[in-house]
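What follows is one structure encoded as structure tokens, with my remarks underneath.
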Amino acid sequence: MSKFSQTKAYTWLKDKWQHFKHAMYPEAYVCHCCGTEIGDDDREDSLCPKCRERLPYRHEQTCPICGCYTHTLSPCKRCQIAMPPYKQALAPFDYTGAIRRMIINYKDNGSPWLAPYIAKYLITYAKAMELTADYLVYVPSSDKAIKTRGFEHNKKVATLICTALDMPLTEPLHRVYQKKDQSNLTYEERYQNVQGSFILREDYDRSLLIGKKILLIDDVMTTGATVTTCAQILKNNGAQEIIILTLARS
């Protein structure tokens, strides 16, 4: 083989190897938001500098209970009319831009490798807010959703958070079904849609919840229908205090 042919073959193999690495280990080579190749300094977060600068942190005034945007320090009108079963709902990001793409890719576009990055944001935020709890609980998916995705997305994240925060994980909730996709429903429809969707697991020891402080996590909070339903079940079974923590809020 000529020197030219050897060089050409080497270049071809190197190019194929790069494509293979990008496909097998995307977190080490590409920005999880825009897909551009990233350098060594940016691999810790798997984000390019431009996308990192555009992360949609929540900076505005929010309701001290449900976390919706408000113009006063007081609870919003909705919380004043009907106090939620949880003490506070927190989220570091708005559900837009890089974070929205991250969540969608993680849940629905076959990117389970994003779990550590989602967990990292939540761990950093939980530590900054000095959140403590007796147990961490995650909002479960339906059996159908788990089968479709191939994994329980909130459990993967919750397990990582528990390890980092040294907080026990307990799994009292079971999702029986979900009637419709929540994304295009109104506030009232979302609440109606989740009625009866969650139950306390039949084999769960209810005494574990009595008098306990619970950190309940989910990926996104919109109207709060899902987390409110889950928090109410925990409350009804003896939990003393519940804090909601989601990656994003819309």
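As shown in the structure tokens, the chain order sets the letters A, B, ...; within each chain, residues go from 1, and ligands are also counted from 1 in the order they appear.
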Selection near region 51-54 of chain A, 10 Å with only C-alpha atoms, sequence-local residues under 5 positions removed, as number ranges by chain: A: 31-34, 42, 45-46, 97-99
Write to file, as a compact mmCIF listing (two decimals), in the first residue's frame, the residues of the selection just made, with N, CA and C atoms.
# COMPACT_ATOMS: atom_id res chain seq x y z
N CYS A 31 -22.59 18.84 22.75
CA CYS A 31 -23.49 19.61 23.60
C CYS A 31 -24.86 18.94 23.57
N HIS A 32 -25.41 18.65 24.74
CA HIS A 32 -26.70 17.96 24.76
C HIS A 32 -27.85 18.85 24.31
N CYS A 33 -27.59 20.13 24.15
CA CYS A 33 -28.63 21.05 23.72
C CYS A 33 -28.63 21.24 22.20
N CYS A 34 -27.49 21.72 21.66
CA CYS A 34 -27.45 22.05 20.23
C CYS A 34 -26.74 21.01 19.38
N ASP A 42 -15.50 21.78 28.54
CA ASP A 42 -16.96 21.85 28.63
C ASP A 42 -17.62 20.49 28.82
N ASP A 45 -20.24 19.39 31.95
CA ASP A 45 -21.67 19.65 31.87
C ASP A 45 -22.28 19.21 30.55
N SER A 46 -21.46 18.77 29.62
CA SER A 46 -21.92 18.39 28.29
C SER A 46 -22.70 19.53 27.62
N GLY A 97 -35.94 26.56 26.20
CA GLY A 97 -34.56 26.50 25.72
C GLY A 97 -33.85 25.19 25.96
N ALA A 98 -32.62 25.29 26.45
CA ALA A 98 -31.76 24.12 26.62
C ALA A 98 -32.34 23.12 27.61
N ILE A 99 -32.98 23.61 28.67
CA ILE A 99 -33.53 22.71 29.68
C ILE A 99 -34.73 21.94 29.13
Give me the residues of region 68-135 of chain A that have any atom at most 12 Å from an atom of region 164-172 of chain A; for each, the nearest atom pair and the distance in Å, rounded to one decimal. Use only C-alpha atoms, sort by chain and number, and format it as JSON lines.
{"residue": "A:Pro116", "atom": "CA", "partner": "A:Ala164", "partner_atom": "CA", "distance": 11.0}
{"residue": "A:Ala119", "atom": "CA", "partner": "A:Ala164", "partner_atom": "CA", "distance": 9.2}
{"residue": "A:Lys120", "atom": "CA", "partner": "A:Ala164", "partner_atom": "CA", "distance": 9.0}
{"residue": "A:Tyr121", "atom": "CA", "partner": "A:Ala164", "partner_atom": "CA", "distance": 11.7}
{"residue": "A:Leu122", "atom": "CA", "partner": "A:Ala164", "partner_atom": "CA", "distance": 10.4}
{"residue": "A:Ile123", "atom": "CA", "partner": "A:Ala164", "partner_atom": "CA", "distance": 7.1}
{"residue": "A:Thr124", "atom": "CA", "partner": "A:Ala164", "partner_atom": "CA", "distance": 9.7}
{"residue": "A:Tyr125", "atom": "CA", "partner": "A:Leu165", "partner_atom": "CA", "distance": 11.3}
{"residue": "A:Ala126", "atom": "CA", "partner": "A:Leu165", "partner_atom": "CA", "distance": 8.5}
{"residue": "A:Lys127", "atom": "CA", "partner": "A:Leu165", "partner_atom": "CA", "distance": 8.0}
{"residue": "A:Ala128", "atom": "CA", "partner": "A:Leu165", "partner_atom": "CA", "distance": 11.8}
{"residue": "A:Glu130", "atom": "CA", "partner": "A:Leu165", "partner_atom": "CA", "distance": 10.3}
{"residue": "A:Leu131", "atom": "CA", "partner": "A:Leu165", "partner_atom": "CA", "distance": 9.3}
{"residue": "A:Thr132", "atom": "CA", "partner": "A:Met167", "partner_atom": "CA", "distance": 8.1}
{"residue": "A:Ala133", "atom": "CA", "partner": "A:Met167", "partner_atom": "CA", "distance": 7.1}
{"residue": "A:Asp134", "atom": "CA", "partner": "A:Met167", "partner_atom": "CA", "distance": 6.9}
{"residue": "A:Tyr135", "atom": "CA", "partner": "A:Pro168", "partner_atom": "CA", "distance": 5.1}
Any chance you can output those residues with N, CA and C atoms as a PDB file, in the first residue's frame?
ATOM      1  N   PRO A 116     -27.470  11.821  34.761  1.00  0.00           N
ATOM      2  CA  PRO A 116     -26.525  12.440  35.706  1.00  0.00           C
ATOM      3  C   PRO A 116     -26.465  13.956  35.608  1.00  0.00           C
ATOM      4  N   ALA A 119     -29.618  15.265  37.323  1.00  0.00           N
ATOM      5  CA  ALA A 119     -29.406  15.084  38.769  1.00  0.00           C
ATOM      6  C   ALA A 119     -28.433  16.119  39.307  1.00  0.00           C
ATOM      7  N   LYS A 120     -27.404  16.416  38.537  1.00  0.00           N
ATOM      8  CA  LYS A 120     -26.390  17.371  38.991  1.00  0.00           C
ATOM      9  C   LYS A 120     -26.999  18.751  39.230  1.00  0.00           C
ATOM     10  N   TYR A 121     -27.843  19.208  38.311  1.00  0.00           N
ATOM     11  CA  TYR A 121     -28.506  20.501  38.496  1.00  0.00           C
ATOM     12  C   TYR A 121     -29.361  20.493  39.767  1.00  0.00           C
ATOM     13  N   LEU A 122     -30.109  19.419  39.970  1.00  0.00           N
ATOM     14  CA  LEU A 122     -30.993  19.343  41.130  1.00  0.00           C
ATOM     15  C   LEU A 122     -30.204  19.227  42.436  1.00  0.00           C
ATOM     16  N   ILE A 123     -29.113  18.490  42.402  1.00  0.00           N
ATOM     17  CA  ILE A 123     -28.275  18.343  43.594  1.00  0.00           C
ATOM     18  C   ILE A 123     -27.662  19.684  43.981  1.00  0.00           C
ATOM     19  N   THR A 124     -27.131  20.388  43.000  1.00  0.00           N
ATOM     20  CA  THR A 124     -26.528  21.702  43.255  1.00  0.00           C
ATOM     21  C   THR A 124     -27.555  22.665  43.823  1.00  0.00           C
ATOM     22  N   TYR A 125     -28.758  22.653  43.246  1.00  0.00           N
ATOM     23  CA  TYR A 125     -29.819  23.552  43.702  1.00  0.00           C
ATOM     24  C   TYR A 125     -30.290  23.170  45.104  1.00  0.00           C
ATOM     25  N   ALA A 126     -30.467  21.887  45.352  1.00  0.00           N
ATOM     26  CA  ALA A 126     -30.921  21.424  46.668  1.00  0.00           C
ATOM     27  C   ALA A 126     -29.929  21.811  47.760  1.00  0.00           C
ATOM     28  N   LYS A 127     -28.648  21.697  47.459  1.00  0.00           N
ATOM     29  CA  LYS A 127     -27.623  22.082  48.428  1.00  0.00           C
ATOM     30  C   LYS A 127     -27.640  23.595  48.659  1.00  0.00           C
ATOM     31  N   ALA A 128     -27.798  24.358  47.576  1.00  0.00           N
ATOM     32  CA  ALA A 128     -27.834  25.814  47.702  1.00  0.00           C
ATOM     33  C   ALA A 128     -29.034  26.276  48.530  1.00  0.00           C
ATOM     34  N   GLU A 130     -30.378  24.442  50.797  1.00  0.00           N
ATOM     35  CA  GLU A 130     -30.246  23.732  52.082  1.00  0.00           C
ATOM     36  C   GLU A 130     -31.482  22.872  52.369  1.00  0.00           C
ATOM     37  N   LEU A 131     -31.913  22.137  51.335  1.00  0.00           N
ATOM     38  CA  LEU A 131     -33.076  21.270  51.476  1.00  0.00           C
ATOM     39  C   LEU A 131     -32.711  19.993  52.234  1.00  0.00           C
ATOM     40  N   THR A 132     -33.529  19.645  53.176  1.00  0.00           N
ATOM     41  CA  THR A 132     -33.352  18.402  53.926  1.00  0.00           C
ATOM     42  C   THR A 132     -34.684  17.662  53.972  1.00  0.00           C
ATOM     43  N   ALA A 133     -34.624  16.363  54.145  1.00  0.00           N
ATOM     44  CA  ALA A 133     -35.843  15.564  54.240  1.00  0.00           C
ATOM     45  C   ALA A 133     -35.513  14.204  54.832  1.00  0.00           C
ATOM     46  N   ASP A 134     -36.532  13.562  55.385  1.00  0.00           N
ATOM     47  CA  ASP A 134     -36.351  12.208  55.892  1.00  0.00           C
ATOM     48  C   ASP A 134     -36.285  11.198  54.761  1.00  0.00           C
ATOM     49  N   TYR A 135     -37.068  11.494  53.695  1.00  0.00           N
ATOM     50  CA  TYR A 135     -37.097  10.603  52.537  1.00  0.00           C
ATOM     51  C   TYR A 135     -37.204  11.413  51.249  1.00  0.00           C
TER      52      TYR A 135
END
Which of region 109-154 of chain A counts as strand (DSSP E or B) under DSSP, as JSON, numbers by chain please? {"A": [135, 136, 137, 138]}
Calculated over only C-alpha atoms, which of the candidates A:Ile233, A:Ala89, A:Val176, A:Met129 has the smallest distance to Ser141 (chain A)?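 Smallest separation from Ser141 (chain A) among the options: A:Val176.
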Point out the residue among A:Thr246, A:Gln61, A:Thr70, A:Asn236 with the least atom-to-atom distance to Val137 (chain A), counting only C-alpha atoms.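 Of A:Thr246, A:Gln61, A:Thr70, A:Asn236, the one nearest Val137 (chain A) is A:Thr246, counting only C-alpha atoms.
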Distance of CA of Gly238 (chain A) from CA of Ile199 (chain A), expressed in Å to one decimal place: 14.2 Å
Can you pull out every residue within 7 Å of Met221 (chain A), counting only C-alpha atoms, but drop anything in the same chain fewer than 6 positions away, and send it as a PDB file with N, CA and C atoms, in the first residue's frame?
ATOM      1  N   THR A 246     -38.584  20.261  41.252  1.00  0.00           N
ATOM      2  CA  THR A 246     -38.568  19.860  39.842  1.00  0.00           C
ATOM      3  C   THR A 246     -37.420  20.580  39.138  1.00  0.00           C
ATOM      4  N   ALA A 248     -37.633  21.942  36.187  1.00  0.00           N
ATOM      5  CA  ALA A 248     -38.137  23.108  35.469  1.00  0.00           C
ATOM      6  C   ALA A 248     -39.576  23.409  35.847  1.00  0.00           C
ATOM      7  N   ARG A 249     -39.955  24.639  35.558  1.00  0.00           N
ATOM      8  CA  ARG A 249     -41.319  25.119  35.818  1.00  0.00           C
ATOM      9  C   ARG A 249     -41.810  25.857  34.588  1.00  0.00           C
ATOM     10  N   SER A 250     -43.018  25.568  34.173  1.00  0.00           N
ATOM     11  CA  SER A 250     -43.574  26.268  33.020  1.00  0.00           C
ATOM     12  C   SER A 250     -44.800  27.072  33.420  1.00  0.00           C
TER      13      SER A 250
END
